[in-house]
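Data block below; observations after.
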Amino acid sequence: MPRILVIEDDVATASAIEKQLVAHKHEIVRAADGASGLAWATKEYFDVITLDRMLPDTNGLAVVSELRARSIMVPVLMISALSDVDERIAGIRAGGDDYLVKPFSSQEMVARVEALIRRSGTATPDVVIRAAAIEMNLVKRTVLFEGKQLRLPHMEFKLLEFLMRHAGRTLGRKFIFEQVWGYYFDPGANLINVHIGRLRKKLERDGRPPMIITVMGEGYRLEIG
Amino acid sequence: MKSASRRSVRQIRNSITFRVAFVFGLLFSIGIIAFGGLIYAITARELTARSDQILHQEARMLVSIPAAELPRTIRAEVAQNIHGLNYFALLSGSGQRLEGNIDPIPGLKLDAATDIAANQKRGPTRAMSVATGHGETILLGRDISEIEYLLRRMIAIMAASSIAVIPTVLLVGGILSLGPLRRVQDLQTASRQIASGRFDVRIATTGRNDELDQIATTINAMVEDIERVISQVKNVTDTIAHDLRTPLTRVRNRLDDARVAGSVLKSGDSIDDLIGDLNIVLDRFAALLKIAELEASERRAGFGPVHVATLLKTVHELYAPVAEEAEIRFEVRADPEIQLHGDGSLLLEAIGNLVDNAIKFSSGVVLISVDREDAGYAISVRDDGPGIPEHEREAVLQRFYRSSHGAEKPGHGLGLSIVTAILHIHRFKLGLHDTHPGLLAKITIPDA
């Protein structure tokens with residue numbers, strides 16, 4: 001079971017993070033300030049740290065810098081109310097691995113934490129991933145949908161892989177755009193909608209509801225069932 | 001009334017026009033005195049020289065006369081009183097007057113004309129003495145009363161002129177300063193009205209384009225800008241209030257309904273609707289914050305060399321499916337050599353935004369091209385849609401403004417504001433032009 005250290009001074013936010021991560025079978029340790037967070041990170045192993053940017057005794061940048069200075073290379077998800085792109089760059093430069101702006105979707109937070117676990121190599125690398133009737137071979141770059149081979153262009157393959165890895169979760173368009181295309185801005189509803197729409201058509205099942213559904217005002221979800 | 005009058009006098013006295021007039025008057029008076037003094041000095045010297053010349057000529061003539069005839073000649077000269085010569089005397093070697101009508105003048109040097117003050121018997125005199133060569137001395141003099149009178153008159157005229165100039169200058173300065181003062185007071189009155197919030201007030205100009213007109217024109221332009229900005233702020237505030245309150249009201253009403261019904265919200269549409277409404281609010285906030293951050297900062301952390309053709313290829317890859325879906329032909333023509341200095345991600349966002357709009361409004365074709373210009377080059381995004389009316393081309397760059405030609409299309413009126421803010425930190429310019437039919441959005445990039 002992956003272990004997550006949550007360094008967050010706001011009790012309600014820390015509880016919400018804990019609740020979601022526990023629901024996704026992660027073990028949680030909470031620290032309410034930078035000093036105790038550093039102490040935990042130094043004496044015990046964690047798969048990921050979620051770190052608030054502004055703490056009562058110090059700031060998140062100083063904590064992550066100290067972690068890296070002590071050669072603790074645990075992936076860090078920085079969580080902040082500061083949305084300025086410069087803040088994101090500062091967080092990443094200080095040693096953070098990802099940056100999440102408050103208020104955030106709890107599902108997106110879990111998805112980011114799990115993506116960090118995968119990237120860090122602490123999880124077993126997948127060769128084949130499955131979601132509902134879709135099977136994707138990440139080495140051969142093939143997709144089988146209900147037993148039939150699907151030919152997907154590069155970006156559609158990446159998009160489907162992302163949706164499959166987070167199947168059953170509603171994913172915001174900015175999160176999808178950031179994780180699949182690698183750009184940190186809001187491309188507008190139309191762009192993602194079209195790319196999703198093209199993929200959705202290829203995953204159509206006769207007489208049954210679509211596999212990718214649009215959650216109005218929120219994002220998209222690959223249905224598991 | 002008395003106080004107002006005093007204030008008015010003080011205002012006149014302190015006015016620039018009055019001070020300038022006063023200084024000029026003073027300089028003019030000094031000029032008169034200097035010029036008059038020069039004329040006086042030249043005149044006095046000339047008149048004295050003439051007197052001396054006459055005295056010397058007469059002295060030479062008398063010296064040449066034999067000693068025996070000299071008394072008779074002097075009597076004759078006194079009787080004739082010619083050449084303006086008034087006084088003659090023949091003095092013995094011991095200094096006693098032998099002949100003539102003037103007493104000996106002690107201390108008078110030989111052969112040098114000297115001014116002698118008036119006494120009871122004569123007026124002011126220019127006098128000289130010469131030796132005859134046989135022990136006697138001839139004394140001769142010229143009454144200079146008229147010359148002195150003339151010079152005194154000159155001094156009086158100069159003094160009077162100088163003195164007369166000062167009150168004249170004060171009067172003229174006062175009168176001249178009244179006009180500008182009145183205009184300054186108008187300016188003050190208008191400024192006070194503007195400061196109290198009346199941005200429709202403008203300062204009157206005379207059309208002469210003098211200094212006050214120039215100040216008034218500058219202030220009027222400034223007030224127009226302030227009025228426009230305030231109007232925009234009000235418009236933005238109203239729109240924010242509307243755009244944010246509407247979804248927030250829906251959220252509140254749904255929560256109220258759930259509370260009244262005594263139920264907790266169940267998963268499904270109602271929760272999705274609530275989250276959707278809150279996301280609308282958060283997205284608007286995020287866009288507004290991004291614009292504010294871009295406008296307020298000199299964010300250049302992500303700046304570096306950007307290969308324009310690669311940037312536009314990425315834009316094409318992103319938006320080609322969108323264009324295809326809308327049955328729009330979407331092409332990119334870019335010189336593969338061009339590079340610029342900027343933030344690739346921000347520029348992708350800006351150009352992507354323009355392309356998204358172009359596809360939204362196009363009838364069939366969207367084209368991106370890169371063209372060389374005089375002092376740089378331009379990235380142009382063309383469509384063949386309805387375009388934007390000329391009077392709206394500035395306004396659509398403002399937050400929340402939506403063109404009357406695109407009201408039915410989806411959008412929140414922040415896209416072009418973000419584009420403008422991104423181009424602003426790059427020092428690039430965005431121009432919107434009509435292509436009959438369609439819109440040309442042109443990003444002008446100066447040579448580095």
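We label chains A, B, ... in the order they appear in the structure tokens, count residues from 1 in each chain, and number ligands from 1 in the order shown.
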What are the residues of chain B lining chain A at 10 Å or less? Count only C-alpha atoms, and put the answer as a ChimeraX atom specification.
/B:269,272-280,282-283,286-287,289-290,292-294,297,299-302,317-326,345-346,348-350,352-353,356,360,410-411,415
Shell around stretch 172-185 of chain B at 12 Å using only C-alpha atoms, local window under 6 positions removed, as an MDAnalysis selection string
chainID B and resid 8:26 165:166 191:192 203:206 210:213 215:216
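With atom CA of B:Glu224 on one side and atom CA of B:Asp186 on the other, the separation reads 18.0 Å.
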So which residues of stretch 367-442 of chain B fall under alpha helix (DSSP H) by DSSP, listed as a PyMOL selection string?
chain B and resi 415-426
As a PyMOL selection string, which residues of stretch 7-218 of chain A does DSSP assign to strand (DSSP E)?
chain A and resi 7+27-31+48-52+76-80+98-101+128-131+134-137+142-145+148-150+170-171+212-215
Restricting it to C-alpha atoms, dump the selection as a PDB file, in the first residue's frame.
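Okay, result-v3.pdb is ready:
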```
ATOM      1  CA  ILE A   7       1.905  18.272   5.048  1.00  0.00           C
ATOM      2  CA  GLU A  27      -1.769   4.935   3.819  1.00  0.00           C
ATOM      3  CA  ILE A  28      -1.652   8.477   5.169  1.00  0.00           C
ATOM      4  CA  VAL A  29       0.533  10.309   7.669  1.00  0.00           C
ATOM      5  CA  ARG A  30      -0.417  13.909   8.448  1.00  0.00           C
ATOM      6  CA  ALA A  31       1.871  16.758   9.507  1.00  0.00           C
ATOM      7  CA  VAL A  48       4.667  10.744  -2.292  1.00  0.00           C
ATOM      8  CA  ILE A  49       4.459  13.917  -0.211  1.00  0.00           C
ATOM      9  CA  THR A  50       1.648  16.425  -0.670  1.00  0.00           C
ATOM     10  CA  LEU A  51       2.940  19.766   0.519  1.00  0.00           C
ATOM     11  CA  ASP A  52       1.022  22.972   1.176  1.00  0.00           C
ATOM     12  CA  VAL A  76       6.362  16.098  -4.011  1.00  0.00           C
ATOM     13  CA  LEU A  77       2.976  17.397  -5.071  1.00  0.00           C
ATOM     14  CA  MET A  78       2.829  21.065  -4.110  1.00  0.00           C
ATOM     15  CA  ILE A  79      -0.627  22.386  -3.300  1.00  0.00           C
ATOM     16  CA  SER A  80      -1.184  26.114  -3.336  1.00  0.00           C
ATOM     17  CA  ASP A  98       3.868  18.658  -9.646  1.00  0.00           C
ATOM     18  CA  TYR A  99       1.759  21.630  -8.692  1.00  0.00           C
ATOM     19  CA  LEU A 100      -1.943  21.697  -7.862  1.00  0.00           C
ATOM     20  CA  VAL A 101      -3.900  24.912  -7.405  1.00  0.00           C
ATOM     21  CA  VAL A 128      -0.793  -3.795 -20.485  1.00  0.00           C
ATOM     22  CA  ILE A 129      -3.566  -1.744 -18.921  1.00  0.00           C
ATOM     23  CA  ARG A 130      -7.246  -2.584 -19.040  1.00  0.00           C
ATOM     24  CA  ALA A 131     -10.430  -0.629 -18.454  1.00  0.00           C
ATOM     25  CA  ILE A 134     -10.433  -1.818 -23.615  1.00  0.00           C
ATOM     26  CA  GLU A 135      -6.997  -3.360 -23.487  1.00  0.00           C
ATOM     27  CA  MET A 136      -3.969  -1.248 -24.202  1.00  0.00           C
ATOM     28  CA  ASN A 137      -0.459  -2.597 -24.728  1.00  0.00           C
ATOM     29  CA  THR A 142      -1.835  -1.413 -29.629  1.00  0.00           C
ATOM     30  CA  VAL A 143      -5.416  -1.073 -28.434  1.00  0.00           C
ATOM     31  CA  LEU A 144      -8.012  -3.798 -28.397  1.00  0.00           C
ATOM     32  CA  PHE A 145     -11.616  -2.683 -27.965  1.00  0.00           C
ATOM     33  CA  LYS A 148     -11.087  -5.680 -32.132  1.00  0.00           C
ATOM     34  CA  GLN A 149      -7.925  -3.739 -32.894  1.00  0.00           C
ATOM     35  CA  LEU A 150      -8.269   0.053 -32.832  1.00  0.00           C
ATOM     36  CA  THR A 170     -14.131  12.627 -13.704  1.00  0.00           C
ATOM     37  CA  LEU A 171     -11.157  14.510 -15.115  1.00  0.00           C
ATOM     38  CA  ILE A 212     -16.579   8.329 -22.411  1.00  0.00           C
ATOM     39  CA  ILE A 213     -19.157  10.576 -20.880  1.00  0.00           C
ATOM     40  CA  THR A 214     -19.139  14.357 -20.531  1.00  0.00           C
ATOM     41  CA  VAL A 215     -19.835  15.675 -17.039  1.00  0.00           C
TER      42      VAL A 215
END
```
Please determine, counting only C-alpha atoms, which residue among B:Thr420, B:Ser369, B:Ser29, B:Thr314 has the shortest atom-to-atom distance to B:Ala334.
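Smallest distance to B:Ala334 is found for B:Ser369.
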All residues 10 Å or closer to A:Arg169, only C-alpha atoms, same chain fewer than 6 positions away omitted, as a compact mmCIF listing (two decimals) with C-alpha atoms, in the first residue's frame:
```
# COMPACT_ATOMS: atom_id res chain seq x y z
CA SER A 106 -10.31 15.59 -5.08
CA GLN A 107 -10.29 13.15 -7.98
CA GLU A 108 -7.69 15.23 -9.77
CA VAL A 110 -5.71 11.51 -6.32
CA ALA A 111 -4.90 11.17 -10.03
CA LEU A 163 -8.47 8.12 -19.35
CA GLY A 219 -14.90 17.26 -17.43
CA TYR A 220 -14.93 13.75 -18.84
CA ARG A 221 -15.03 10.25 -17.46
CA LEU A 222 -14.23 6.85 -18.91
CA GLU A 223 -16.91 4.53 -17.62
CA ILE A 224 -15.70 1.33 -16.05
```
Atomic separation - atom CA of B:Asp225 relative to atom CA of B:Arg198, Å
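Atom CA of B:Asp225 lies at a distance of 13.5 Å from atom CA of B:Arg198.
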Which polymer residues have any atom within 9 Å of an atom of stretch 252-255 of chain B, counting only C-alpha atoms, with same-chain residues fewer than 4 positions away left out, as a list in words?
Pro247, Leu248, Arg259, Val260, Leu265, Ser270 and Leu274 of chain B
Could you name the residues that touch stretch 140-149 of chain B at 6 Å or less, counting only C-alpha atoms, but leaving out those on the same chain fewer than 5 positions away, as number ranges by chain?
B: 85-88, 124-128
